[in-house]
Amino acid sequence: MDQEPQYNAEGVEQLPLRQFTEKAYLNYSMYVILDRALPFIGDGLKPVQRRIIYAMSELGLSAASKHKKSARTVGDVLGKFHPHGDTACYEAMVLMAQDFSYRYPLIDGQGNWGSPDDPKSFAAMRYTEARLTPYAQILLSELGQGTVDWTANFDGTLKEPAMLPARLPNVLLNGATGIAVGMATDVPPHNLREVAAACIRLIEDPKASLADLSEHIPGPDFPTEAEIITPRVELQALYRAGVGSVRLRARWHKDQGAIVITALPYQVSGARVLEQIAAQMQAKKLPWIEDLRDESDHENPTRLVVLPRSSRVDVERVMLHLFATTDLERSYRVNLNLIGLDGRPRVKDLLTILREWLDYRFETVRRRLQYRLDKVQERLHLLEGLMTAYLNLDEVIRIIRSEDEPKPVLMERFALSELQADYILDTKLRQLARLEEMKIRDEQTQLAEEREQLHKTLGSKQRMKTLIRKEIAADAEKYGDERRSPIVARAAAEAMDEAELTPSEPVTVVLSEKGWVRAAKGHDLNPAELSYKAGDGFRQAVRLRSNQQAVFLDSAGRSYSLAAHTLPSARGQGEPLTGRFNPPAGQSFVALLGGEPEQWWLLASDAGYGFRVQAKDLLANKKAGKAVLTLPAGARVLRPSVIADADTDRLVAVTSAGRMLVISANDLPELTRGKGNKIIGIPSKAVAERSEFVVDIVAVPQGGRLRLHSGKRHLNLRAADLNAYEGERGRRGNKLPRGFQNVDGIEREH
């Protein structure tokens, strides 16, 4: 509880710091929420917007008047109603004049009021001129008819309206954005005809559900013609909860092979989109696009042209990529947080907003009719007194001529009220003509009929509904237009991965003995003829496409991968893989493979163990790589071999002791990592001591041939020759012919 204020000897109030700061912050918070950042549900305006509109109406800046300097309007607003900064006030005014910011602009401007590419590029207020638009009459037409409360301005010298008597729910039509203390609002704009139809539906059927209103309001309607691609189910959920998001996507079509973008999402700059696309082109992430052009002009406010490299480019796929990576598709937050009729801010669903606004509208119309009824009764009262004077004109003239104080005498003689007596005394002599009596009687008849109609309308809820429904329908017909933002179902945007974005060109990746790597264009390269650093030489090469990954194995059985197009050119001597990766201490790069992600490879150690694995399971873009092949004690990594078809390929294993075993590729398991199964039997002690080990294991396709190398000798083995070495997996295998007890390597012949 707040403590009672204490006063010191000088009479200065003293408060505990905690109590003072808490009170000051709460006061500031409530001021920002209620008087600055959030719109009122009745007229959909913030105080600064309301004051600008009212000040312009007081200056006579209607849609039929001439434009006046914006500085004149801003000066009146600041001097009379809104004692804040002129820049903030002018920016609020500019926003209401930009047809690309407001769905239904309230201000008609002349001069530079900004552009979609740069909304902040508007000229200073001393250069621009403004007046109200016809739509502003939705807010102002009933202002002087007793419809709203009036409050004193900041210095108490003038009166200003606490709100404006909106004839339509402007809060939904133009939307609102604002950031307060601890809360924010983001109300998207909507179509006038759709909102009016929903209001009429709710007047006719007060029990209508949100689903019923969704038949009239399928979703927001932004000033631009971009597509709303949020599913209708999500839009209904958004309106039900009062919070959510809406996705907008640019509209485009193909024109003579070019991609032409004709509409951008709300508040998206065409120049910014072109910058984003150009940045991807410079980074070589859009190889299918050749050129960009901005052909926007007065006839085509948005016309961005994207030229593909050829007619074979899948433009649909390219656009999905651009939607995912540029502002051609954007998501907009929705938070229907408004100040309600109770003066409290709250997030409201669509049904609550429309019902509350209709309550506001019914009260506004009731006050308008009551105000008019009071005026009619007052006029009839005056006419009744004036008629009495006509019927007794000579007596009235005598009293006025003879009495020093004719007013009380007239009141007593003819039973007149003070208002009637004053009106008679203020009547000009020219109005005493005989014809005036006929005019008075006609006016009395008309006013009496109007009074009767007003009484009937005010006394009948059904008549009130009919009147308001007709007024809403008339305004919708006068100010409404067609929907600009179509709601369509589209495929989800998806950014292309690096492999898709890279041109597919043949390259040969070369790995040296010391772990240096490079890539040469084409597949007709002889890697052994390349120049190598002193003490280095050729180890292995693999033929890939530039959009594929090259996979490297280190001596510890770990795999690493790099995109082939990122490797240095073979015109030089390449670069060390240790600059790209961080292998375990003391380990070196010993093998290379690559190709299609689904390609099967044989991964084995010279201890005679191995397994089948797909190339995609060996990819590891992180610097530390990933463990793939588990090595027994003393074992080393063998060169991987391609398995074309596991059902028909045979695996040929040759040991340093001159033994060879042929088994089916299907005998090996499919793994992503591990030691694998035994292919050929070698004592583990022999492997550890390096007295015997596997020289190589090669996958040979059906009908394929093999060449063994032993020093300067070689042995060619046909498919039939290999049959003699077939056996069960894990066996020792058969001895090779004399002279090939020490095999240097195996080469598969194509």
# chains A, B, ... in the order shown; residues from 1 in each chain; ligands from 1
$ residues_around --residues "Leu432 (chain A)" --least-positions-apart "5" --cutoff "10 Å" --atoms "only C-alpha atoms" --output "list in words"
Leu386, Ala389, Tyr390, Leu393, Thr427 and Glu437 of chain A
$ write_last_selection --atoms "all heavy atoms" --output "PDB file, in the first residue's frame"
ATOM      1  N   LEU A 386     -43.191  31.995 -32.149  1.00  0.00           N
ATOM      2  CA  LEU A 386     -43.272  32.945 -33.259  1.00  0.00           C
ATOM      3  C   LEU A 386     -44.677  32.942 -33.857  1.00  0.00           C
ATOM      4  O   LEU A 386     -45.208  33.999 -34.250  1.00  0.00           O
ATOM      5  CB  LEU A 386     -42.224  32.593 -34.313  1.00  0.00           C
ATOM      6  CG  LEU A 386     -41.988  33.616 -35.423  1.00  0.00           C
ATOM      7  CD1 LEU A 386     -41.553  34.951 -34.824  1.00  0.00           C
ATOM      8  CD2 LEU A 386     -40.947  33.108 -36.406  1.00  0.00           C
ATOM      9  N   ALA A 389     -46.921  35.014 -31.872  1.00  0.00           N
ATOM     10  CA  ALA A 389     -46.710  36.441 -32.147  1.00  0.00           C
ATOM     11  C   ALA A 389     -47.429  36.867 -33.420  1.00  0.00           C
ATOM     12  O   ALA A 389     -48.012  37.971 -33.485  1.00  0.00           O
ATOM     13  CB  ALA A 389     -45.215  36.719 -32.264  1.00  0.00           C
ATOM     14  N   TYR A 390     -47.434  36.039 -34.453  1.00  0.00           N
ATOM     15  CA  TYR A 390     -48.141  36.369 -35.692  1.00  0.00           C
ATOM     16  C   TYR A 390     -49.649  36.479 -35.465  1.00  0.00           C
ATOM     17  O   TYR A 390     -50.317  37.362 -36.003  1.00  0.00           O
ATOM     18  CB  TYR A 390     -47.844  35.312 -36.753  1.00  0.00           C
ATOM     19  CG  TYR A 390     -46.591  35.602 -37.545  1.00  0.00           C
ATOM     20  CD1 TYR A 390     -45.479  34.793 -37.422  1.00  0.00           C
ATOM     21  CD2 TYR A 390     -46.532  36.680 -38.418  1.00  0.00           C
ATOM     22  CE1 TYR A 390     -44.324  35.043 -38.138  1.00  0.00           C
ATOM     23  CE2 TYR A 390     -45.380  36.953 -39.133  1.00  0.00           C
ATOM     24  CZ  TYR A 390     -44.276  36.131 -38.998  1.00  0.00           C
ATOM     25  OH  TYR A 390     -43.140  36.395 -39.698  1.00  0.00           O
ATOM     26  N   LEU A 393     -50.236  39.860 -33.577  1.00  0.00           N
ATOM     27  CA  LEU A 393     -49.168  40.752 -34.005  1.00  0.00           C
ATOM     28  C   LEU A 393     -49.368  42.182 -33.477  1.00  0.00           C
ATOM     29  O   LEU A 393     -48.422  42.807 -32.984  1.00  0.00           O
ATOM     30  CB  LEU A 393     -49.092  40.752 -35.537  1.00  0.00           C
ATOM     31  CG  LEU A 393     -47.920  41.523 -36.144  1.00  0.00           C
ATOM     32  CD1 LEU A 393     -46.591  40.999 -35.627  1.00  0.00           C
ATOM     33  CD2 LEU A 393     -47.969  41.423 -37.666  1.00  0.00           C
ATOM     34  N   THR A 427     -36.575  38.974 -33.780  1.00  0.00           N
ATOM     35  CA  THR A 427     -37.084  38.833 -35.141  1.00  0.00           C
ATOM     36  C   THR A 427     -37.031  40.173 -35.870  1.00  0.00           C
ATOM     37  O   THR A 427     -37.392  41.213 -35.313  1.00  0.00           O
ATOM     38  CB  THR A 427     -38.542  38.312 -35.117  1.00  0.00           C
ATOM     39  OG1 THR A 427     -38.571  37.072 -34.445  1.00  0.00           O
ATOM     40  CG2 THR A 427     -39.067  38.141 -36.538  1.00  0.00           C
ATOM     41  N   GLU A 437     -45.891  33.650 -42.439  1.00  0.00           N
ATOM     42  CA  GLU A 437     -46.747  32.751 -41.663  1.00  0.00           C
ATOM     43  C   GLU A 437     -46.888  31.410 -42.363  1.00  0.00           C
ATOM     44  O   GLU A 437     -46.864  30.354 -41.724  1.00  0.00           O
ATOM     45  CB  GLU A 437     -48.117  33.403 -41.464  1.00  0.00           C
ATOM     46  CG  GLU A 437     -49.067  32.523 -40.662  1.00  0.00           C
ATOM     47  CD  GLU A 437     -50.440  33.163 -40.483  1.00  0.00           C
ATOM     48  OE1 GLU A 437     -50.589  34.354 -40.817  1.00  0.00           O
ATOM     49  OE2 GLU A 437     -51.342  32.449 -40.022  1.00  0.00           O
TER      50      GLU A 437
END
$ residues_around --residues "Pro345 (chain A)" --least-positions-apart "2" --cutoff "12 Å" --atoms "only C-alpha atoms" --output "list of chain:residue names"
A:Met30, A:Val32, A:Ile33, A:Leu34, A:Asp35, A:Ala37, A:Leu38, A:Pro39, A:Phe40, A:Ile41, A:Ala180, A:Val181, A:Gly182, A:Met183, A:Ala184, A:Thr185, A:Asn335, A:Leu336, A:Asn337, A:Leu338, A:Ile339, A:Gly340, A:Leu341, A:Asp342, A:Gly343, A:Val347, A:Lys348
$ residues_around --residues "Arg729 (chain A)" --least-positions-apart "4" --cutoff "10 Å" --atoms "only C-alpha atoms" --output "ChimeraX atom specification"
/A:651,661-665,667-668,677-681,733
$ write_last_selection --atoms "N, CA, C and O atoms" --output "PDB file, in the first residue's frame"
ATOM      1  N   LEU A 651      34.403 -58.845 -54.880  1.00  0.00           N
ATOM      2  CA  LEU A 651      35.489 -58.182 -54.175  1.00  0.00           C
ATOM      3  C   LEU A 651      36.729 -59.061 -54.238  1.00  0.00           C
ATOM      4  O   LEU A 651      36.677 -60.251 -53.888  1.00  0.00           O
ATOM      5  N   LEU A 661      41.672 -63.707 -52.396  1.00  0.00           N
ATOM      6  CA  LEU A 661      40.348 -64.269 -52.164  1.00  0.00           C
ATOM      7  C   LEU A 661      39.330 -63.424 -52.914  1.00  0.00           C
ATOM      8  O   LEU A 661      39.396 -62.197 -52.895  1.00  0.00           O
ATOM      9  N   VAL A 662      38.385 -64.102 -53.573  1.00  0.00           N
ATOM     10  CA  VAL A 662      37.305 -63.428 -54.304  1.00  0.00           C
ATOM     11  C   VAL A 662      35.986 -63.794 -53.642  1.00  0.00           C
ATOM     12  O   VAL A 662      35.675 -64.988 -53.495  1.00  0.00           O
ATOM     13  N   ILE A 663      35.218 -62.775 -53.230  1.00  0.00           N
ATOM     14  CA  ILE A 663      33.902 -63.008 -52.618  1.00  0.00           C
ATOM     15  C   ILE A 663      32.885 -62.087 -53.290  1.00  0.00           C
ATOM     16  O   ILE A 663      33.243 -61.139 -54.006  1.00  0.00           O
ATOM     17  N   SER A 664      31.613 -62.361 -53.046  1.00  0.00           N
ATOM     18  CA  SER A 664      30.548 -61.500 -53.579  1.00  0.00           C
ATOM     19  C   SER A 664      30.452 -60.229 -52.741  1.00  0.00           C
ATOM     20  O   SER A 664      30.607 -60.259 -51.514  1.00  0.00           O
ATOM     21  N   ALA A 665      30.171 -59.097 -53.401  1.00  0.00           N
ATOM     22  CA  ALA A 665      30.019 -57.830 -52.672  1.00  0.00           C
ATOM     23  C   ALA A 665      28.854 -57.888 -51.702  1.00  0.00           C
ATOM     24  O   ALA A 665      28.840 -57.178 -50.688  1.00  0.00           O
ATOM     25  N   ASP A 667      28.243 -60.109 -49.674  1.00  0.00           N
ATOM     26  CA  ASP A 667      28.634 -60.744 -48.420  1.00  0.00           C
ATOM     27  C   ASP A 667      29.015 -59.718 -47.357  1.00  0.00           C
ATOM     28  O   ASP A 667      29.161 -60.081 -46.185  1.00  0.00           O
ATOM     29  N   LEU A 668      29.207 -58.466 -47.766  1.00  0.00           N
ATOM     30  CA  LEU A 668      29.570 -57.435 -46.797  1.00  0.00           C
ATOM     31  C   LEU A 668      28.325 -56.664 -46.352  1.00  0.00           C
ATOM     32  O   LEU A 668      27.412 -56.430 -47.141  1.00  0.00           O
ATOM     33  N   ASN A 677      33.068 -56.291 -41.477  1.00  0.00           N
ATOM     34  CA  ASN A 677      33.239 -57.744 -41.370  1.00  0.00           C
ATOM     35  C   ASN A 677      34.562 -58.166 -42.005  1.00  0.00           C
ATOM     36  O   ASN A 677      35.116 -57.462 -42.857  1.00  0.00           O
ATOM     37  N   LYS A 678      35.025 -59.351 -41.573  1.00  0.00           N
ATOM     38  CA  LYS A 678      36.281 -59.864 -42.113  1.00  0.00           C
ATOM     39  C   LYS A 678      36.080 -60.296 -43.562  1.00  0.00           C
ATOM     40  O   LYS A 678      35.178 -61.065 -43.879  1.00  0.00           O
ATOM     41  N   ILE A 679      36.940 -59.771 -44.435  1.00  0.00           N
ATOM     42  CA  ILE A 679      36.875 -60.106 -45.854  1.00  0.00           C
ATOM     43  C   ILE A 679      37.819 -61.263 -46.167  1.00  0.00           C
ATOM     44  O   ILE A 679      37.438 -62.260 -46.784  1.00  0.00           O
ATOM     45  N   ILE A 680      39.057 -61.132 -45.728  1.00  0.00           N
ATOM     46  CA  ILE A 680      40.061 -62.179 -45.924  1.00  0.00           C
ATOM     47  C   ILE A 680      40.786 -62.388 -44.604  1.00  0.00           C
ATOM     48  O   ILE A 680      41.021 -61.428 -43.854  1.00  0.00           O
ATOM     49  N   GLY A 681      41.103 -63.656 -44.290  1.00  0.00           N
ATOM     50  CA  GLY A 681      41.676 -63.982 -43.001  1.00  0.00           C
ATOM     51  C   GLY A 681      43.169 -63.694 -42.923  1.00  0.00           C
ATOM     52  O   GLY A 681      43.956 -64.242 -43.703  1.00  0.00           O
ATOM     53  N   GLY A 733      42.203 -67.569 -48.527  1.00  0.00           N
ATOM     54  CA  GLY A 733      42.376 -67.380 -49.950  1.00  0.00           C
ATOM     55  C   GLY A 733      43.414 -68.325 -50.530  1.00  0.00           C
ATOM     56  O   GLY A 733      44.089 -69.073 -49.816  1.00  0.00           O
TER      57      GLY A 733
END
$ atom_distance --atom1 "CA of Val509 (chain A)" --atom2 "CA of Pro576 (chain A)"
13.3 Å
$ select_by_dssp --residues "region 200-264 of chain A" --states "strand (DSSP E)" --output "ChimeraX atom specification"
/A:227-228,243-249,251-255,258-263
$ residues_around --residues "Val195 (chain A)" --least-positions-apart "4" --cutoff "8 Å" --atoms "only C-alpha atoms" --output "PyMOL selection string"
chain A and resi 169+172-173+190-191+199+216-217
$ atom_distance --atom1 "CA of Ile487 (chain A)" --atom2 "CA of Ile228 (chain A)"
4.7 Å
$ select_by_dssp --residues "region 285-326 of chain A" --states "helix (DSSP H, G or I)" --output "ChimeraX atom specification"
/A:315-325
$ write_last_selection --atoms "N, CA and C atoms" --output "PDB file, in the first residue's frame"
ATOM      1  N   VAL A 315      12.447 -21.995 -64.110  1.00  0.00           N
ATOM      2  CA  VAL A 315      12.182 -20.708 -63.470  1.00  0.00           C
ATOM      3  C   VAL A 315      11.306 -20.860 -62.229  1.00  0.00           C
ATOM      4  N   GLU A 316      10.428 -21.858 -62.218  1.00  0.00           N
ATOM      5  CA  GLU A 316       9.592 -22.090 -61.035  1.00  0.00           C
ATOM      6  C   GLU A 316      10.473 -22.394 -59.831  1.00  0.00           C
ATOM      7  N   ARG A 317      11.472 -23.235 -60.024  1.00  0.00           N
ATOM      8  CA  ARG A 317      12.378 -23.601 -58.930  1.00  0.00           C
ATOM      9  C   ARG A 317      13.242 -22.412 -58.523  1.00  0.00           C
ATOM     10  N   VAL A 318      13.669 -21.623 -59.498  1.00  0.00           N
ATOM     11  CA  VAL A 318      14.470 -20.439 -59.189  1.00  0.00           C
ATOM     12  C   VAL A 318      13.657 -19.452 -58.353  1.00  0.00           C
ATOM     13  N   MET A 319      12.386 -19.249 -58.708  1.00  0.00           N
ATOM     14  CA  MET A 319      11.556 -18.309 -57.958  1.00  0.00           C
ATOM     15  C   MET A 319      11.300 -18.804 -56.538  1.00  0.00           C
ATOM     16  N   LEU A 320      11.123 -20.109 -56.354  1.00  0.00           N
ATOM     17  CA  LEU A 320      10.951 -20.635 -54.993  1.00  0.00           C
ATOM     18  C   LEU A 320      12.199 -20.347 -54.159  1.00  0.00           C
ATOM     19  N   HIS A 321      13.368 -20.432 -54.801  1.00  0.00           N
ATOM     20  CA  HIS A 321      14.609 -20.107 -54.098  1.00  0.00           C
ATOM     21  C   HIS A 321      14.643 -18.619 -53.738  1.00  0.00           C
ATOM     22  N   LEU A 322      14.258 -17.764 -54.675  1.00  0.00           N
ATOM     23  CA  LEU A 322      14.273 -16.329 -54.409  1.00  0.00           C
ATOM     24  C   LEU A 322      13.255 -15.951 -53.332  1.00  0.00           C
ATOM     25  N   PHE A 323      12.106 -16.627 -53.330  1.00  0.00           N
ATOM     26  CA  PHE A 323      11.122 -16.363 -52.282  1.00  0.00           C
ATOM     27  C   PHE A 323      11.699 -16.691 -50.904  1.00  0.00           C
ATOM     28  N   ALA A 324      12.512 -17.748 -50.835  1.00  0.00           N
ATOM     29  CA  ALA A 324      13.063 -18.177 -49.553  1.00  0.00           C
ATOM     30  C   ALA A 324      14.244 -17.331 -49.105  1.00  0.00           C
ATOM     31  N   THR A 325      14.933 -16.675 -50.045  1.00  0.00           N
ATOM     32  CA  THR A 325      16.187 -16.004 -49.693  1.00  0.00           C
ATOM     33  C   THR A 325      16.146 -14.483 -49.863  1.00  0.00           C
TER      34      THR A 325
END
$ residues_around --residues "Trp601 (chain A)" --least-positions-apart "5" --cutoff "8 Å" --atoms "only C-alpha atoms" --output "number ranges by chain"
A: 612-615, 640-643
$ residues_around --residues "Leu292 (chain A)" --least-positions-apart "6" --cutoff "12 Å" --atoms "only C-alpha atoms" --output "count of residues only"
23
$ closest_atom_pairs --of "region 641-672 of chain A" --to "region 702-720 of chain A" --cutoff "10 Å" --atoms "only C-alpha atoms" --output "tab-separated table"
residue	atom	partner	partner_atom	distance
A:Ala644	CA	A:Gln702	CA	9.7
A:Asp645	CA	A:Gln702	CA	8.9
A:Asp647	CA	A:Gln702	CA	9.5
A:Thr648	CA	A:Gln702	CA	5.7
A:Asp649	CA	A:Gln702	CA	5.7
A:Arg650	CA	A:Gln702	CA	7.4
A:Val652	CA	A:Leu706	CA	9.0
A:Val654	CA	A:Leu708	CA	9.3
